[in-house]
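Listing of input-v2.csv, CSV, N, CA and C atoms
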chain,number,residue,atom,x,y,z
A,69,MET,N,-18.3,132.7,15.9
A,69,MET,CA,-19.4,132.6,16.8
A,69,MET,C,-20.0,131.2,16.6
A,70,VAL,N,-20.4,130.6,17.7
A,70,VAL,CA,-21.0,129.2,17.7
A,70,VAL,C,-22.5,129.3,17.9
A,71,LYS,N,-23.2,128.5,17.1
A,71,LYS,CA,-24.7,128.5,17.2
A,71,LYS,C,-25.1,127.1,17.5
A,72,LEU,N,-26.2,126.9,18.2
A,72,LEU,CA,-26.9,125.7,18.3
A,72,LEU,C,-28.0,125.6,17.3
A,73,ARG,N,-27.9,124.7,16.3
A,73,ARG,CA,-28.9,124.7,15.3
A,73,ARG,C,-29.1,123.2,14.8
A,74,LEU,N,-30.1,123.1,13.9
A,74,LEU,CA,-30.6,121.8,13.5
A,74,LEU,C,-29.8,121.3,12.3
A,75,LYS,N,-29.4,120.1,12.2
A,75,LYS,CA,-28.7,119.5,11.1
A,75,LYS,C,-29.6,118.3,10.6
A,76,ARG,N,-30.0,118.4,9.3
A,76,ARG,CA,-31.0,117.4,8.8
A,76,ARG,C,-30.3,116.1,8.6
A,77,CYS,N,-31.0,115.0,9.0
A,77,CYS,CA,-30.6,113.6,8.8
A,77,CYS,C,-31.8,112.8,8.4
A,78,GLY,N,-31.6,111.5,8.2
A,78,GLY,CA,-32.7,110.7,7.8
A,78,GLY,C,-32.9,110.6,6.3
A,79,ARG,N,-33.9,110.0,5.9
A,79,ARG,CA,-34.1,109.8,4.4
A,79,ARG,C,-35.2,110.8,3.9
A,80,ARG,N,-35.5,110.7,2.7
A,80,ARG,CA,-36.4,111.5,2.0
A,80,ARG,C,-37.8,111.4,2.6
A,81,GLN,N,-38.5,112.4,2.9
A,81,GLN,CA,-39.8,112.5,3.5
A,81,GLN,C,-39.9,112.0,4.9
A,82,ARG,N,-38.7,111.6,5.5
A,82,ARG,CA,-38.7,111.1,6.9
A,82,ARG,C,-37.6,111.7,7.6
A,83,ALA,N,-37.5,113.0,7.6
A,83,ALA,CA,-36.4,113.8,8.2
A,83,ALA,C,-36.4,113.7,9.7
A,84,ILE,N,-35.2,113.5,10.3
A,84,ILE,CA,-35.0,113.8,11.7
A,84,ILE,C,-33.8,114.8,11.8
A,85,TYR,N,-33.7,115.5,12.9
A,85,TYR,CA,-32.7,116.5,13.0
A,85,TYR,C,-31.9,116.3,14.2
A,86,ARG,N,-30.6,116.5,14.0
A,86,ARG,CA,-29.6,116.5,15.1
A,86,ARG,C,-29.5,117.9,15.5
A,87,ILE,N,-29.4,118.1,16.8
A,87,ILE,CA,-29.1,119.5,17.3
A,87,ILE,C,-27.6,119.5,17.6
A,88,VAL,N,-27.0,120.4,16.9
A,88,VAL,CA,-25.5,120.5,17.0
A,88,VAL,C,-25.0,121.9,17.3
A,89,ALA,N,-23.8,121.9,17.9
A,89,ALA,CA,-23.1,123.2,18.0
A,89,ALA,C,-22.2,123.3,16.8
A,90,ILE,N,-22.3,124.4,16.1
A,90,ILE,CA,-21.6,124.5,14.8
A,90,ILE,C,-21.2,126.0,14.6
A,91,ASP,N,-20.2,126.2,13.9
A,91,ASP,CA,-19.7,127.6,13.6
A,91,ASP,C,-20.8,128.2,12.6
A,92,VAL,N,-21.0,129.5,12.8
A,92,VAL,CA,-22.1,130.2,12.0
A,92,VAL,C,-21.7,130.2,10.5
A,93,ARG,N,-20.4,130.1,10.2
A,93,ARG,CA,-20.0,130.2,8.8
A,93,ARG,C,-20.2,128.9,8.0
A,94,ALA,N,-20.4,127.8,8.8
A,94,ALA,CA,-20.5,126.5,8.2
A,94,ALA,C,-21.9,126.3,7.6
A,95,ARG,N,-21.9,125.4,6.6
A,95,ARG,CA,-23.2,125.1,5.9
A,95,ARG,C,-24.0,124.2,6.9
A,96,ARG,N,-25.3,124.0,6.5
A,96,ARG,CA,-26.2,123.2,7.4
A,96,ARG,C,-25.7,121.8,7.6
A,97,GLU,N,-25.2,121.1,6.6
A,97,GLU,CA,-24.7,119.8,6.7
A,97,GLU,C,-23.2,119.7,7.0
A,98,GLY,N,-22.6,120.8,7.4
A,98,GLY,CA,-21.2,120.9,7.7
A,98,GLY,C,-20.8,120.2,8.9
A,99,ARG,N,-19.5,120.2,9.2
A,99,ARG,CA,-18.9,119.5,10.3
A,99,ARG,C,-19.3,120.2,11.6
A,100,ALA,N,-19.9,119.4,12.5
A,100,ALA,CA,-20.4,120.0,13.8
A,100,ALA,C,-19.2,120.0,14.8
A,101,LEU,N,-19.2,120.9,15.7
A,101,LEU,CA,-18.3,120.9,16.8
A,101,LEU,C,-18.6,119.9,17.8
A,102,ARG,N,-20.0,119.8,18.1
A,102,ARG,CA,-20.4,118.8,19.1
A,102,ARG,C,-21.9,118.5,18.8
A,103,LYS,N,-22.3,117.3,19.0
A,103,LYS,CA,-23.7,116.9,18.9
A,103,LYS,C,-24.3,117.0,20.3
A,104,VAL,N,-25.4,117.6,20.4
A,104,VAL,CA,-26.0,117.8,21.7
A,104,VAL,C,-27.4,117.3,21.8
A,105,GLY,N,-27.9,116.7,20.8
A,105,GLY,CA,-29.3,116.1,20.9
A,105,GLY,C,-29.9,115.8,19.5
A,106,PHE,N,-31.1,115.3,19.5
A,106,PHE,CA,-31.8,115.1,18.3
A,106,PHE,C,-33.3,115.5,18.5
A,107,TYR,N,-34.0,115.7,17.4
A,107,TYR,CA,-35.4,116.0,17.3
A,107,TYR,C,-36.0,115.3,16.2
A,108,ASP,N,-37.1,114.5,16.5
A,108,ASP,CA,-37.8,113.8,15.4
A,108,ASP,C,-39.2,114.4,15.4
A,109,PRO,N,-39.5,115.3,14.4
A,109,PRO,CA,-40.8,115.9,14.3
A,109,PRO,C,-42.0,115.0,13.9
A,110,ILE,N,-41.7,113.8,13.3
A,110,ILE,CA,-42.7,112.9,13.0
A,110,ILE,C,-43.3,112.2,14.2
A,111,LYS,N,-42.3,111.6,15.0
A,111,LYS,CA,-42.7,110.9,16.2
A,111,LYS,C,-42.8,111.9,17.4
A,112,ASN,N,-42.4,113.1,17.2
A,112,ASN,CA,-42.5,114.2,18.3
A,112,ASN,C,-41.6,113.7,19.5
A,113,GLN,N,-40.4,113.2,19.2
A,113,GLN,CA,-39.5,112.8,20.2
A,113,GLN,C,-38.3,113.8,20.2
A,114,THR,N,-37.8,114.1,21.4
A,114,THR,CA,-36.7,115.0,21.6
A,114,THR,C,-35.7,114.4,22.6
A,115,TYR,N,-34.4,114.4,22.3
A,115,TYR,CA,-33.4,114.0,23.3
A,115,TYR,C,-32.4,115.2,23.3
A,116,LEU,N,-32.2,115.7,24.5
A,116,LEU,CA,-31.2,116.8,24.7
A,116,LEU,C,-30.2,116.5,25.8
A,117,ASN,N,-29.0,116.8,25.5
A,117,ASN,CA,-27.9,116.6,26.5
A,117,ASN,C,-27.9,118.0,27.3
A,118,VAL,N,-28.7,118.1,28.3
A,118,VAL,CA,-28.9,119.4,29.0
A,118,VAL,C,-27.6,120.0,29.6
A,119,PRO,N,-26.8,119.2,30.3
A,119,PRO,CA,-25.5,119.8,30.8
A,119,PRO,C,-24.6,120.4,29.8
A,120,ILE,N,-24.5,119.8,28.6
A,120,ILE,CA,-23.7,120.3,27.6
A,120,ILE,C,-24.3,121.5,26.9
A,121,ILE,N,-25.6,121.5,26.8
A,121,ILE,CA,-26.3,122.7,26.2
A,121,ILE,C,-26.1,123.9,27.1
A,122,LEU,N,-26.3,123.7,28.4
A,122,LEU,CA,-26.1,124.8,29.4
A,122,LEU,C,-24.6,125.3,29.4
A,123,TYR,N,-23.7,124.4,29.3
A,123,TYR,CA,-22.3,124.8,29.2
A,123,TYR,C,-22.0,125.6,28.0
A,124,LEU,N,-22.5,125.2,26.8
A,124,LEU,CA,-22.3,125.9,25.6
A,124,LEU,C,-23.0,127.3,25.6
A,125,LEU,N,-24.1,127.4,26.2
A,125,LEU,CA,-24.8,128.7,26.4
A,125,LEU,C,-24.0,129.6,27.3
A,126,GLU,N,-23.4,129.1,28.3
A,126,GLU,CA,-22.6,129.9,29.2
A,126,GLU,C,-21.4,130.4,28.5
A,127,LYS,N,-20.9,129.7,27.6
A,127,LYS,CA,-19.7,130.1,26.8
A,127,LYS,C,-20.0,131.0,25.7
A,128,GLY,N,-21.3,131.3,25.4
A,128,GLY,CA,-21.6,132.3,24.4
A,128,GLY,C,-22.3,131.8,23.2
A,129,ALA,N,-22.6,130.5,23.1
A,129,ALA,CA,-23.3,129.9,22.0
A,129,ALA,C,-24.7,130.5,21.9
A,130,GLN,N,-25.2,130.8,20.7
A,130,GLN,CA,-26.5,131.3,20.5
A,130,GLN,C,-27.4,130.2,19.8
A,131,PRO,N,-28.6,129.9,20.4
A,131,PRO,CA,-29.5,129.0,19.8
A,131,PRO,C,-30.3,129.7,18.7
A,132,THR,N,-30.6,128.9,17.6
A,132,THR,CA,-31.5,129.5,16.6
A,132,THR,C,-32.9,129.5,17.2
A,133,GLY,N,-33.8,130.1,16.5
A,133,GLY,CA,-35.2,130.2,17.0
A,133,GLY,C,-35.9,128.9,17.3
A,134,THR,N,-35.7,127.9,16.3
A,134,THR,CA,-36.3,126.6,16.4
A,134,THR,C,-35.7,125.8,17.6
A,135,VAL,N,-34.3,125.9,17.7
A,135,VAL,CA,-33.7,125.1,18.8
A,135,VAL,C,-34.1,125.8,20.1
A,136,HIS,N,-34.2,127.1,20.2
A,136,HIS,CA,-34.6,127.7,21.4
A,136,HIS,C,-36.0,127.2,21.8
A,137,ASP,N,-36.9,127.1,20.9
A,137,ASP,CA,-38.3,126.7,21.1
A,137,ASP,C,-38.3,125.2,21.6
A,138,ILE,N,-37.5,124.4,20.9
A,138,ILE,CA,-37.5,123.0,21.3
A,138,ILE,C,-36.9,122.8,22.8
A,139,SER,N,-35.9,123.6,23.1
A,139,SER,CA,-35.2,123.6,24.4
A,139,SER,C,-36.2,124.1,25.4
A,140,LYS,N,-36.9,125.1,25.1
A,140,LYS,CA,-37.9,125.7,26.0
A,140,LYS,C,-39.0,124.7,26.4
A,141,LYS,N,-39.5,124.0,25.4
A,141,LYS,CA,-40.5,123.0,25.6
A,141,LYS,C,-40.0,121.8,26.5
A,142,ALA,N,-38.7,121.5,26.3
A,142,ALA,CA,-38.1,120.4,27.1
A,142,ALA,C,-37.7,120.9,28.5
A,143,GLY,N,-37.8,122.1,28.8
A,143,GLY,CA,-37.5,122.6,30.1
A,143,GLY,C,-36.1,122.9,30.4
A,144,VAL,N,-35.3,123.1,29.4
A,144,VAL,CA,-33.8,123.4,29.6
A,144,VAL,C,-33.6,124.7,30.3
A,145,PHE,N,-34.4,125.7,30.1
A,145,PHE,CA,-34.2,127.0,30.7
A,145,PHE,C,-35.0,127.2,32.0
A,146,TYR,N,-35.6,126.1,32.5
A,146,TYR,CA,-36.4,126.2,33.7
A,146,TYR,C,-35.4,126.5,34.9
A,147,GLY,N,-35.7,127.5,35.6
A,147,GLY,CA,-34.9,127.8,36.8
A,147,GLY,C,-33.6,128.6,36.5
A,148,ILE,N,-33.4,129.0,35.3
A,148,ILE,CA,-32.2,129.8,35.0
A,148,ILE,C,-32.5,131.3,35.1
A,149,SER,N,-31.6,132.0,35.8
A,149,SER,CA,-31.9,133.4,35.9
A,149,SER,C,-31.3,134.1,34.7
A,150,PRO,N,-31.9,135.2,34.2
A,150,PRO,CA,-31.4,135.9,33.0
A,150,PRO,C,-30.1,136.5,33.2
I'd like the structure from this file rewritten - as structure tokens, please.
Amino acid sequence: MVKLRLKRCGRRQRAIYRIVAIDVRARREGRALRKVGFYDPIKNQTYLNVPIILYLLEKGAQPTGTVHDISKKAGVFYGISP
């Protein structure tokens, strides 16, 4: 199963996170299948590749709770029927 989850990058005390599609059995810093965005909690910046995220969700990828909240704030799910 593929999940959309955060992968920690950056230096000590200045973390930024990549949003990646990764196999559920892989560790947090493991090899990602695809990079789909990043999130900087310090500067409160977000970049999401929305078409790829929607494609992965259609194919069955499950976002983690945090990635779901970030995507929801960015408006990724706006206008999508359940």
Quick one: residues within 7 Å of segment 124-137 of chain A, only C-alpha atoms, excluding same-chain residues fewer than 4 positions away - as a PDB file with N, CA and C atoms, in the coordinates of the input?
ATOM      1  N   VAL A  70     -20.400 130.600  17.700  1.00  0.00           N
ATOM      2  CA  VAL A  70     -21.000 129.200  17.700  1.00  0.00           C
ATOM      3  C   VAL A  70     -22.500 129.300  17.900  1.00  0.00           C
ATOM      4  N   LYS A  71     -23.200 128.500  17.100  1.00  0.00           N
ATOM      5  CA  LYS A  71     -24.700 128.500  17.200  1.00  0.00           C
ATOM      6  C   LYS A  71     -25.100 127.100  17.500  1.00  0.00           C
ATOM      7  N   LEU A  72     -26.200 126.900  18.200  1.00  0.00           N
ATOM      8  CA  LEU A  72     -26.900 125.700  18.300  1.00  0.00           C
ATOM      9  C   LEU A  72     -28.000 125.600  17.300  1.00  0.00           C
ATOM     10  N   ARG A  73     -27.900 124.700  16.300  1.00  0.00           N
ATOM     11  CA  ARG A  73     -28.900 124.700  15.300  1.00  0.00           C
ATOM     12  C   ARG A  73     -29.100 123.200  14.800  1.00  0.00           C
ATOM     13  N   LEU A  74     -30.100 123.100  13.900  1.00  0.00           N
ATOM     14  CA  LEU A  74     -30.600 121.800  13.500  1.00  0.00           C
ATOM     15  C   LEU A  74     -29.800 121.300  12.300  1.00  0.00           C
ATOM     16  N   ILE A 120     -24.500 119.800  28.600  1.00  0.00           N
ATOM     17  CA  ILE A 120     -23.700 120.300  27.600  1.00  0.00           C
ATOM     18  C   ILE A 120     -24.300 121.500  26.900  1.00  0.00           C
ATOM     19  N   LYS A 141     -39.500 124.000  25.400  1.00  0.00           N
ATOM     20  CA  LYS A 141     -40.500 123.000  25.600  1.00  0.00           C
ATOM     21  C   LYS A 141     -40.000 121.800  26.500  1.00  0.00           C
TER      22      LYS A 141
END
Please indicate the distance in Å from atom CA of Ala94 of chain A to atom C of Phe106 of chain A, rounded to one decimal place.
-> 19.8 Å
Take atom C of Met69 of chain A and atom C of Asp91 of chain A and report the distance between them in Å, one decimal.
-> 5.1 Å
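Taking all atoms listed in the file into account, Glu97 of chain A lies nearest to A:Arg76 out of the set A:Tyr123, A:Arg76, A:Asn112, A:Gln81.
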Give as an mmCIF file with N, CA and C atoms, in the frame of the given file each residue that has an atom at most 6.5 Å from (-27.9, 119.2, 14.7) in the file, counting only N, CA and C atoms.
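Okay, point_19.cif is ready:
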data_model
loop_
_atom_site.group_PDB
_atom_site.id
_atom_site.type_symbol
_atom_site.label_atom_id
_atom_site.label_comp_id
_atom_site.auth_asym_id
_atom_site.auth_seq_id
_atom_site.Cartn_x
_atom_site.Cartn_y
_atom_site.Cartn_z
ATOM 1 N N ARG A 73 -27.900 124.700 16.300
ATOM 2 C CA ARG A 73 -28.900 124.700 15.300
ATOM 3 C C ARG A 73 -29.100 123.200 14.800
ATOM 4 N N LEU A 74 -30.100 123.100 13.900
ATOM 5 C CA LEU A 74 -30.600 121.800 13.500
ATOM 6 C C LEU A 74 -29.800 121.300 12.300
ATOM 7 N N LYS A 75 -29.400 120.100 12.200
ATOM 8 C CA LYS A 75 -28.700 119.500 11.100
ATOM 9 C C LYS A 75 -29.600 118.300 10.600
ATOM 10 N N ARG A 76 -30.000 118.400 9.300
ATOM 11 C CA ARG A 76 -31.000 117.400 8.800
ATOM 12 C C ARG A 76 -30.300 116.100 8.600
ATOM 13 N N TYR A 85 -33.700 115.500 12.900
ATOM 14 C CA TYR A 85 -32.700 116.500 13.000
ATOM 15 C C TYR A 85 -31.900 116.300 14.200
ATOM 16 N N ARG A 86 -30.600 116.500 14.000
ATOM 17 C CA ARG A 86 -29.600 116.500 15.100
ATOM 18 C C ARG A 86 -29.500 117.900 15.500
ATOM 19 N N ILE A 87 -29.400 118.100 16.800
ATOM 20 C CA ILE A 87 -29.100 119.500 17.300
ATOM 21 C C ILE A 87 -27.600 119.500 17.600
ATOM 22 N N VAL A 88 -27.000 120.400 16.900
ATOM 23 C CA VAL A 88 -25.500 120.500 17.000
ATOM 24 C C VAL A 88 -25.000 121.900 17.300
ATOM 25 N N ALA A 89 -23.800 121.900 17.900
ATOM 26 C CA ALA A 89 -23.100 123.200 18.000
ATOM 27 C C ALA A 89 -22.200 123.300 16.800
ATOM 28 N N LYS A 103 -22.300 117.300 19.000
ATOM 29 C CA LYS A 103 -23.700 116.900 18.900
ATOM 30 C C LYS A 103 -24.300 117.000 20.300
ATOM 31 N N VAL A 104 -25.400 117.600 20.400
ATOM 32 C CA VAL A 104 -26.000 117.800 21.700
ATOM 33 C C VAL A 104 -27.400 117.300 21.800
ATOM 34 N N GLY A 105 -27.900 116.700 20.800
ATOM 35 C CA GLY A 105 -29.300 116.100 20.900
ATOM 36 C C GLY A 105 -29.900 115.800 19.500
#
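Proximity to Tyr115 of chain A was assessed for A:Ala83, A:Ile138, A:Ala100, A:Val92 counting only C-alpha atoms; the smallest distance is recorded for A:Ile138.
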Of the residues A:Gly78, A:Arg102, A:Gln113, A:Ser139, which is the one nearest to Ile90 of chain A, using all atoms listed in the file?
-> A:Arg102
Could you write out, as a PyMOL selection string, all the residues of chain A that DSSP marks as helix (DSSP H, G or I)?
-> chain A and resi 118-126+133-142
